[in-house]
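Here's the structure we're looking at; comments come further down.
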Amino acid sequence: MDIRRLGNFVAVAAVAFATAGYAAEPSTPDAAARAALAPTGKLRIAVYPGTPTSLVADAPATERKGVGHDLGIALATRLGVPYEVVIHAKNVDALDAVKSGNADFGFTNATAARMKDMDFGPPLFAVEQGYIVPPGSVIARTEDVDRARMRVAVTQGSTSDSVLSRELKNATVIRAPTILAARDMLAARKVDAFATNKAILFEMSDSLPGSSVLDGRWGLENFAIAIPKGRDAGMPFLQRFSADVVSDGQVKRAVERAGLRGTVGPAQR
């Protein structure tokens with residue numbers, strides 16, 4: 001999705017939030033919301049490297065970027081509290097930190113399974129799920145992946161793992177511990193494809209000359225802010241904040257700054 005389409009989405013999403021009754025003006029937290037969302041007095045932001053939806057890998061500490069990273073800092077600023085960015089090795093570790101209450105903020109795909117373990121604000125945008133293949137691959141289409149003897153890598157515990165382990169009938173699913181490990185497996189041709197959201201795939205393609213992100217998709221991820229269960233007093237403020245960052249352009253700027261690609265517009269199923 002190019003920046004013009006993202007801008008169109010932001011306008012549509014802002015209208016949708018307003019229609020839902022969320023505040024059009026920037027929200028101000030009360031003491032109860034601040035205590036619920038940052039109970040230790042600071043906002044602990046859980047991120048993981050290798051994807052512009054969370055944290056772009058290899059950026060110097062003073063130049064860190066990623067949609068989750070930037071929105072977490074924006075939430076801390078709005079709450080009027082300091083923040084701590086905690087970098088986890090992989091998504092499942094960042095999710096576990098939110099689930100256990102050891103982190104106050106995450107930004108991830110809001111699946112039904114994850115909603116059992118944490119609470120989410122409104123989805124802010126959707127990202128296509130697809131495949132990347134190495135140079136010279138015989139796989140030309142998304143529909144060609146599910147064939148005998150094809151090895152498809154996923155990151156362990158990811159949405160891709162849970163969905164494709166069930167839906168791929170002929171290809172073999174191989175679990176990689178991290179995104180970076182999956183990249184190395186693809187580069188060494190230990191797998192024939194890697195499956196995840198296209199934000200990660202396009203980032204990976206940049207570092208693997210000749211690789212291809214296949215057209216089409218096998219699913220969508222709807223990204224939203226996640227907080228631990230039991231913090232209901234903070235949810236109305238989180239909903240208003242989510243509306244604010246769409247309407248005031250912070251989501252669009254975070255997406256542009258992180259170089260996020262693969263978005264398709266409003267969250268959908």
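The way I read the labels, and the way they are meant: chains A, B, ... in the order of the structure tokens, residue 1 as the first residue of every chain, and ligand 1 as the first ligand shown, with later ones counted on from there.
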
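Residues lying within 8 Å of Ala176 of chain A, counting only C-alpha atoms and ignoring same-chain neighbours fewer than 2 positions away, are Ala153, Val154, Thr155, Gln156, Ile174, Thr178, Ile179, Ala181 and Ala182 of chain A.
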
Taking N, CA and C atoms for each residue, export the selection above as a compact mmCIF listing (two decimals), in the first residue's frame.
```
# COMPACT_ATOMS: atom_id res chain seq x y z
N ALA A 153 8.69 -22.21 6.12
CA ALA A 153 9.10 -21.79 7.46
C ALA A 153 8.08 -20.81 8.04
N VAL A 154 7.85 -20.91 9.33
CA VAL A 154 7.06 -19.96 10.11
C VAL A 154 7.84 -19.70 11.40
N THR A 155 7.57 -18.59 12.06
CA THR A 155 8.17 -18.39 13.37
C THR A 155 7.32 -19.08 14.42
N GLN A 156 7.99 -19.77 15.30
CA GLN A 156 7.31 -20.58 16.31
C GLN A 156 6.39 -19.72 17.17
N ILE A 174 7.92 -25.81 8.84
CA ILE A 174 9.13 -25.87 9.65
C ILE A 174 9.18 -24.62 10.54
N THR A 178 13.12 -17.52 15.53
CA THR A 178 13.00 -16.07 15.37
C THR A 178 12.88 -15.71 13.90
N ILE A 179 12.52 -14.46 13.62
CA ILE A 179 12.47 -13.97 12.25
C ILE A 179 13.86 -14.01 11.61
N ALA A 181 16.29 -16.00 12.31
CA ALA A 181 16.63 -17.39 12.01
C ALA A 181 15.92 -17.85 10.75
N ALA A 182 14.68 -17.44 10.56
CA ALA A 182 13.94 -17.80 9.35
C ALA A 182 14.61 -17.20 8.12
```

Exercise for the section: From a DSSP pass on the backbone, collect the residues of segment 132-213 of chain A flagged as helix (DSSP H, G or I) and hand them back as an MDAnalysis selection string. Expected result: chainID A and resid 142:144 159:167 179:187 198:206

Please produce an output containing N, CA and C atoms for each residue in the selection, written as a PDB file, in the first residue's frame.
```pdb
ATOM      1  N   THR A 142       1.168 -17.564  -4.865  1.00  0.00           N
ATOM      2  CA  THR A 142       0.783 -17.998  -3.522  1.00  0.00           C
ATOM      3  C   THR A 142       0.097 -19.360  -3.571  1.00  0.00           C
ATOM      4  N   GLU A 143      -0.690 -19.578  -4.602  1.00  0.00           N
ATOM      5  CA  GLU A 143      -1.439 -20.829  -4.725  1.00  0.00           C
ATOM      6  C   GLU A 143      -0.533 -22.038  -4.971  1.00  0.00           C
ATOM      7  N   ASP A 144       0.721 -21.801  -5.365  1.00  0.00           N
ATOM      8  CA  ASP A 144       1.637 -22.903  -5.685  1.00  0.00           C
ATOM      9  C   ASP A 144       2.435 -23.403  -4.477  1.00  0.00           C
ATOM     10  N   THR A 159       1.131 -16.248  14.465  1.00  0.00           N
ATOM     11  CA  THR A 159      -0.146 -16.474  13.788  1.00  0.00           C
ATOM     12  C   THR A 159       0.047 -17.399  12.594  1.00  0.00           C
ATOM     13  N   SER A 160       1.141 -17.203  11.852  1.00  0.00           N
ATOM     14  CA  SER A 160       1.413 -18.057  10.699  1.00  0.00           C
ATOM     15  C   SER A 160       1.544 -19.511  11.117  1.00  0.00           C
ATOM     16  N   ASP A 161       2.185 -19.748  12.240  1.00  0.00           N
ATOM     17  CA  ASP A 161       2.341 -21.105  12.772  1.00  0.00           C
ATOM     18  C   ASP A 161       0.983 -21.732  13.041  1.00  0.00           C
ATOM     19  N   SER A 162       0.132 -21.032  13.775  1.00  0.00           N
ATOM     20  CA  SER A 162      -1.162 -21.612  14.155  1.00  0.00           C
ATOM     21  C   SER A 162      -2.069 -21.828  12.954  1.00  0.00           C
ATOM     22  N   VAL A 163      -2.031 -20.907  11.981  1.00  0.00           N
ATOM     23  CA  VAL A 163      -2.929 -21.021  10.824  1.00  0.00           C
ATOM     24  C   VAL A 163      -2.399 -22.026   9.807  1.00  0.00           C
ATOM     25  N   LEU A 164      -1.136 -21.888   9.397  1.00  0.00           N
ATOM     26  CA  LEU A 164      -0.635 -22.723   8.314  1.00  0.00           C
ATOM     27  C   LEU A 164      -0.360 -24.153   8.752  1.00  0.00           C
ATOM     28  N   SER A 165      -0.058 -24.371  10.018  1.00  0.00           N
ATOM     29  CA  SER A 165       0.096 -25.748  10.508  1.00  0.00           C
ATOM     30  C   SER A 165      -1.199 -26.522  10.343  1.00  0.00           C
ATOM     31  N   ARG A 166      -2.293 -25.796  10.344  1.00  0.00           N
ATOM     32  CA  ARG A 166      -3.609 -26.411  10.178  1.00  0.00           C
ATOM     33  C   ARG A 166      -4.050 -26.448   8.713  1.00  0.00           C
ATOM     34  N   GLU A 167      -3.740 -25.397   7.947  1.00  0.00           N
ATOM     35  CA  GLU A 167      -4.329 -25.250   6.621  1.00  0.00           C
ATOM     36  C   GLU A 167      -3.485 -25.815   5.481  1.00  0.00           C
ATOM     37  N   ILE A 179      12.525 -14.460  13.624  1.00  0.00           N
ATOM     38  CA  ILE A 179      12.475 -13.967  12.249  1.00  0.00           C
ATOM     39  C   ILE A 179      13.860 -14.015  11.613  1.00  0.00           C
ATOM     40  N   LEU A 180      14.866 -13.624  12.359  1.00  0.00           N
ATOM     41  CA  LEU A 180      16.225 -13.625  11.813  1.00  0.00           C
ATOM     42  C   LEU A 180      16.687 -15.036  11.489  1.00  0.00           C
ATOM     43  N   ALA A 181      16.292 -15.998  12.305  1.00  0.00           N
ATOM     44  CA  ALA A 181      16.634 -17.394  12.010  1.00  0.00           C
ATOM     45  C   ALA A 181      15.921 -17.855  10.746  1.00  0.00           C
ATOM     46  N   ALA A 182      14.679 -17.440  10.565  1.00  0.00           N
ATOM     47  CA  ALA A 182      13.943 -17.804   9.349  1.00  0.00           C
ATOM     48  C   ALA A 182      14.611 -17.201   8.118  1.00  0.00           C
ATOM     49  N   ARG A 183      15.088 -15.979   8.243  1.00  0.00           N
ATOM     50  CA  ARG A 183      15.787 -15.351   7.128  1.00  0.00           C
ATOM     51  C   ARG A 183      17.023 -16.161   6.749  1.00  0.00           C
ATOM     52  N   ASP A 184      17.773 -16.591   7.747  1.00  0.00           N
ATOM     53  CA  ASP A 184      18.984 -17.372   7.483  1.00  0.00           C
ATOM     54  C   ASP A 184      18.639 -18.717   6.832  1.00  0.00           C
ATOM     55  N   MET A 185      17.547 -19.326   7.262  1.00  0.00           N
ATOM     56  CA  MET A 185      17.114 -20.597   6.674  1.00  0.00           C
ATOM     57  C   MET A 185      16.754 -20.402   5.205  1.00  0.00           C
ATOM     58  N   LEU A 186      16.091 -19.305   4.895  1.00  0.00           N
ATOM     59  CA  LEU A 186      15.712 -19.031   3.508  1.00  0.00           C
ATOM     60  C   LEU A 186      16.949 -18.753   2.667  1.00  0.00           C
ATOM     61  N   ALA A 187      17.874 -17.953   3.211  1.00  0.00           N
ATOM     62  CA  ALA A 187      19.089 -17.620   2.475  1.00  0.00           C
ATOM     63  C   ALA A 187      19.929 -18.859   2.184  1.00  0.00           C
ATOM     64  N   LYS A 198       3.281  -9.279   5.407  1.00  0.00           N
ATOM     65  CA  LYS A 198       4.118  -8.682   4.367  1.00  0.00           C
ATOM     66  C   LYS A 198       4.969  -7.521   4.865  1.00  0.00           C
ATOM     67  N   ALA A 199       4.625  -6.955   6.010  1.00  0.00           N
ATOM     68  CA  ALA A 199       5.513  -5.947   6.585  1.00  0.00           C
ATOM     69  C   ALA A 199       6.883  -6.549   6.834  1.00  0.00           C
ATOM     70  N   ILE A 200       6.909  -7.751   7.385  1.00  0.00           N
ATOM     71  CA  ILE A 200       8.160  -8.455   7.638  1.00  0.00           C
ATOM     72  C   ILE A 200       8.769  -8.945   6.326  1.00  0.00           C
ATOM     73  N   LEU A 201       7.935  -9.470   5.433  1.00  0.00           N
ATOM     74  CA  LEU A 201       8.451 -10.053   4.194  1.00  0.00           C
ATOM     75  C   LEU A 201       9.170  -9.028   3.326  1.00  0.00           C
ATOM     76  N   PHE A 202       8.601  -7.837   3.169  1.00  0.00           N
ATOM     77  CA  PHE A 202       9.268  -6.821   2.353  1.00  0.00           C
ATOM     78  C   PHE A 202      10.569  -6.371   3.001  1.00  0.00           C
ATOM     79  N   GLU A 203      10.575  -6.276   4.333  1.00  0.00           N
ATOM     80  CA  GLU A 203      11.808  -5.934   5.043  1.00  0.00           C
ATOM     81  C   GLU A 203      12.876  -6.997   4.787  1.00  0.00           C
ATOM     82  N   MET A 204      12.473  -8.254   4.842  1.00  0.00           N
ATOM     83  CA  MET A 204      13.396  -9.358   4.627  1.00  0.00           C
ATOM     84  C   MET A 204      13.894  -9.378   3.178  1.00  0.00           C
ATOM     85  N   SER A 205      13.017  -9.090   2.246  1.00  0.00           N
ATOM     86  CA  SER A 205      13.380  -9.110   0.832  1.00  0.00           C
ATOM     87  C   SER A 205      14.488  -8.099   0.527  1.00  0.00           C
ATOM     88  N   ASP A 206      14.474  -6.972   1.231  1.00  0.00           N
ATOM     89  CA  ASP A 206      15.504  -5.958   1.016  1.00  0.00           C
ATOM     90  C   ASP A 206      16.902  -6.482   1.314  1.00  0.00           C
TER      91      ASP A 206
END
```

List every residue of segment 84-153 of chain A that DSSP, applied to the backbone of this structure, places in strand (DSSP E), and write the result as a PDB file with N, CA and C atoms, in the first residue's frame.
```
ATOM      1  N   GLU A  84       9.717   2.827  29.226  1.00  0.00           N
ATOM      2  CA  GLU A  84      10.854   1.917  29.104  1.00  0.00           C
ATOM      3  C   GLU A  84      10.576   0.987  27.931  1.00  0.00           C
ATOM      4  N   VAL A  85      11.418   1.035  26.905  1.00  0.00           N
ATOM      5  CA  VAL A  85      11.284   0.135  25.762  1.00  0.00           C
ATOM      6  C   VAL A  85      12.061  -1.138  26.071  1.00  0.00           C
ATOM      7  N   VAL A  86      11.350  -2.261  26.138  1.00  0.00           N
ATOM      8  CA  VAL A  86      11.976  -3.555  26.427  1.00  0.00           C
ATOM      9  C   VAL A  86      11.972  -4.376  25.146  1.00  0.00           C
ATOM     10  N   ILE A  87      13.159  -4.708  24.644  1.00  0.00           N
ATOM     11  CA  ILE A  87      13.287  -5.433  23.379  1.00  0.00           C
ATOM     12  C   ILE A  87      13.362  -6.931  23.668  1.00  0.00           C
ATOM     13  N   GLY A 106       1.745  -3.537  24.132  1.00  0.00           N
ATOM     14  CA  GLY A 106       2.215  -4.300  22.984  1.00  0.00           C
ATOM     15  C   GLY A 106       1.462  -3.836  21.755  1.00  0.00           C
ATOM     16  N   PHE A 107       1.982  -4.161  20.587  1.00  0.00           N
ATOM     17  CA  PHE A 107       1.295  -3.820  19.339  1.00  0.00           C
ATOM     18  C   PHE A 107       1.411  -5.022  18.433  1.00  0.00           C
ATOM     19  N   THR A 108       0.272  -5.655  18.148  1.00  0.00           N
ATOM     20  CA  THR A 108       0.336  -6.944  17.466  1.00  0.00           C
ATOM     21  C   THR A 108      -0.976  -7.250  16.776  1.00  0.00           C
ATOM     22  N   ASN A 109      -1.011  -8.375  16.098  1.00  0.00           N
ATOM     23  CA  ASN A 109      -2.207  -8.870  15.438  1.00  0.00           C
ATOM     24  C   ASN A 109      -3.232  -9.272  16.496  1.00  0.00           C
ATOM     25  N   MET A 118      -5.108 -11.180  26.628  1.00  0.00           N
ATOM     26  CA  MET A 118      -4.858  -9.744  26.780  1.00  0.00           C
ATOM     27  C   MET A 118      -6.010  -8.984  26.152  1.00  0.00           C
ATOM     28  N   ASP A 119      -6.111  -7.709  26.468  1.00  0.00           N
ATOM     29  CA  ASP A 119      -7.167  -6.870  25.909  1.00  0.00           C
ATOM     30  C   ASP A 119      -6.593  -5.972  24.828  1.00  0.00           C
ATOM     31  N   PHE A 120      -7.432  -5.604  23.848  1.00  0.00           N
ATOM     32  CA  PHE A 120      -6.996  -4.814  22.703  1.00  0.00           C
ATOM     33  C   PHE A 120      -7.833  -3.558  22.545  1.00  0.00           C
ATOM     34  N   PHE A 125      -4.948  -0.823  11.584  1.00  0.00           N
ATOM     35  CA  PHE A 125      -4.796  -1.124  10.162  1.00  0.00           C
ATOM     36  C   PHE A 125      -4.612  -2.619   9.993  1.00  0.00           C
ATOM     37  N   ALA A 126      -4.759  -3.072   8.740  1.00  0.00           N
ATOM     38  CA  ALA A 126      -4.567  -4.484   8.415  1.00  0.00           C
ATOM     39  C   ALA A 126      -3.338  -4.643   7.530  1.00  0.00           C
ATOM     40  N   VAL A 127      -2.668  -5.791   7.674  1.00  0.00           N
ATOM     41  CA  VAL A 127      -1.496  -6.117   6.870  1.00  0.00           C
ATOM     42  C   VAL A 127      -1.703  -7.492   6.244  1.00  0.00           C
ATOM     43  N   GLU A 128      -1.386  -7.598   4.960  1.00  0.00           N
ATOM     44  CA  GLU A 128      -1.516  -8.890   4.280  1.00  0.00           C
ATOM     45  C   GLU A 128      -0.533  -9.922   4.836  1.00  0.00           C
ATOM     46  N   GLN A 129      -0.957 -11.166   4.842  1.00  0.00           N
ATOM     47  CA  GLN A 129      -0.076 -12.291   5.155  1.00  0.00           C
ATOM     48  C   GLN A 129       0.259 -12.998   3.846  1.00  0.00           C
ATOM     49  N   GLY A 130       1.544 -13.314   3.660  1.00  0.00           N
ATOM     50  CA  GLY A 130       1.950 -13.919   2.402  1.00  0.00           C
ATOM     51  C   GLY A 130       3.211 -14.741   2.543  1.00  0.00           C
ATOM     52  N   TYR A 131       3.940 -14.887   1.429  1.00  0.00           N
ATOM     53  CA  TYR A 131       5.143 -15.717   1.381  1.00  0.00           C
ATOM     54  C   TYR A 131       6.275 -14.960   0.694  1.00  0.00           C
ATOM     55  N   ILE A 132       7.501 -15.265   1.124  1.00  0.00           N
ATOM     56  CA  ILE A 132       8.700 -14.852   0.410  1.00  0.00           C
ATOM     57  C   ILE A 132       9.424 -16.114  -0.035  1.00  0.00           C
ATOM     58  N   VAL A 133       9.996 -16.069  -1.250  1.00  0.00           N
ATOM     59  CA  VAL A 133      10.737 -17.214  -1.778  1.00  0.00           C
ATOM     60  C   VAL A 133      12.125 -16.748  -2.207  1.00  0.00           C
ATOM     61  N   ARG A 151       8.946 -26.904   1.653  1.00  0.00           N
ATOM     62  CA  ARG A 151       9.214 -26.639   3.068  1.00  0.00           C
ATOM     63  C   ARG A 151       8.913 -25.168   3.333  1.00  0.00           C
ATOM     64  N   VAL A 152       7.949 -24.928   4.214  1.00  0.00           N
ATOM     65  CA  VAL A 152       7.504 -23.568   4.515  1.00  0.00           C
ATOM     66  C   VAL A 152       7.870 -23.227   5.954  1.00  0.00           C
ATOM     67  N   ALA A 153       8.693 -22.211   6.116  1.00  0.00           N
ATOM     68  CA  ALA A 153       9.098 -21.789   7.456  1.00  0.00           C
ATOM     69  C   ALA A 153       8.079 -20.814   8.037  1.00  0.00           C
TER      70      ALA A 153
END
```

Problem - Selection near Leu43 of chain A, 6 Å with only C-alpha atoms, sequence-local residues under 3 positions removed, as a ChimeraX atom specification - result: /A:38,76,83,104

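With only C-alpha atoms as the atoms that count, the residue of A:Thr263, A:Ser158, A:Thr77, A:Thr40 with the shortest distance to Ala110 of chain A is A:Ser158.
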
Fill in the blank from the handout: Counting only C-alpha atoms, closest pick from A:Val191, A:Val81, A:Ala140, A:Leu124 relative to Ser247 of chain A is A:Leu124

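The spacing separating atom CA of Ser211 of chain A from atom CA of Pro52 of chain A amounts to 18.8 Å.
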
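You will find atom CA of Val138 of chain A at 9.1 Å from atom CA of Asp192 of chain A.
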
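The spacing separating atom CA of Phe105 of chain A from atom CA of His69 of chain A amounts to 9.6 Å.
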
Exercise for the section: Write out as a list in words each polymer residue whose atoms come within 12 Å of Met115 of chain A, counting only C-alpha atoms; drop sequence neighbours fewer than 6 positions from it. Expected result: Leu95, Val98, Lys99, Thr108, Asn109, Gly121, Ala224, Ile225, Ala226, Ile227, Pro228 and Lys229 of chain A

Serialized selection, C-alpha atoms, as an mmCIF file, in the first residue's frame:
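After the write, out_8.cif holds the following:
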```cif
data_model
loop_
_atom_site.group_PDB
_atom_site.id
_atom_site.type_symbol
_atom_site.label_atom_id
_atom_site.label_comp_id
_atom_site.auth_asym_id
_atom_site.auth_seq_id
_atom_site.Cartn_x
_atom_site.Cartn_y
_atom_site.Cartn_z
ATOM 1 C CA LEU A 95 3.257 -11.235 23.917
ATOM 2 C CA VAL A 98 1.987 -8.366 28.070
ATOM 3 C CA LYS A 99 0.050 -11.480 29.046
ATOM 4 C CA THR A 108 0.336 -6.944 17.466
ATOM 5 C CA ASN A 109 -2.207 -8.870 15.438
ATOM 6 C CA GLY A 121 -7.877 -1.340 21.601
ATOM 7 C CA ALA A 224 -4.008 -3.017 17.575
ATOM 8 C CA ILE A 225 -2.582 -1.935 20.917
ATOM 9 C CA ALA A 226 -2.571 -4.743 23.481
ATOM 10 C CA ILE A 227 -2.638 -4.344 27.269
ATOM 11 C CA PRO A 228 -2.752 -6.910 30.108
ATOM 12 C CA LYS A 229 -6.088 -8.245 31.301
#
```

Handout entry: Residues within 7 Å of Thr53 of chain A, only C-alpha atoms, excluding chain neighbours under 5 positions, as a VMD selection string
Key = chain A and resid 66 to 68 199 260
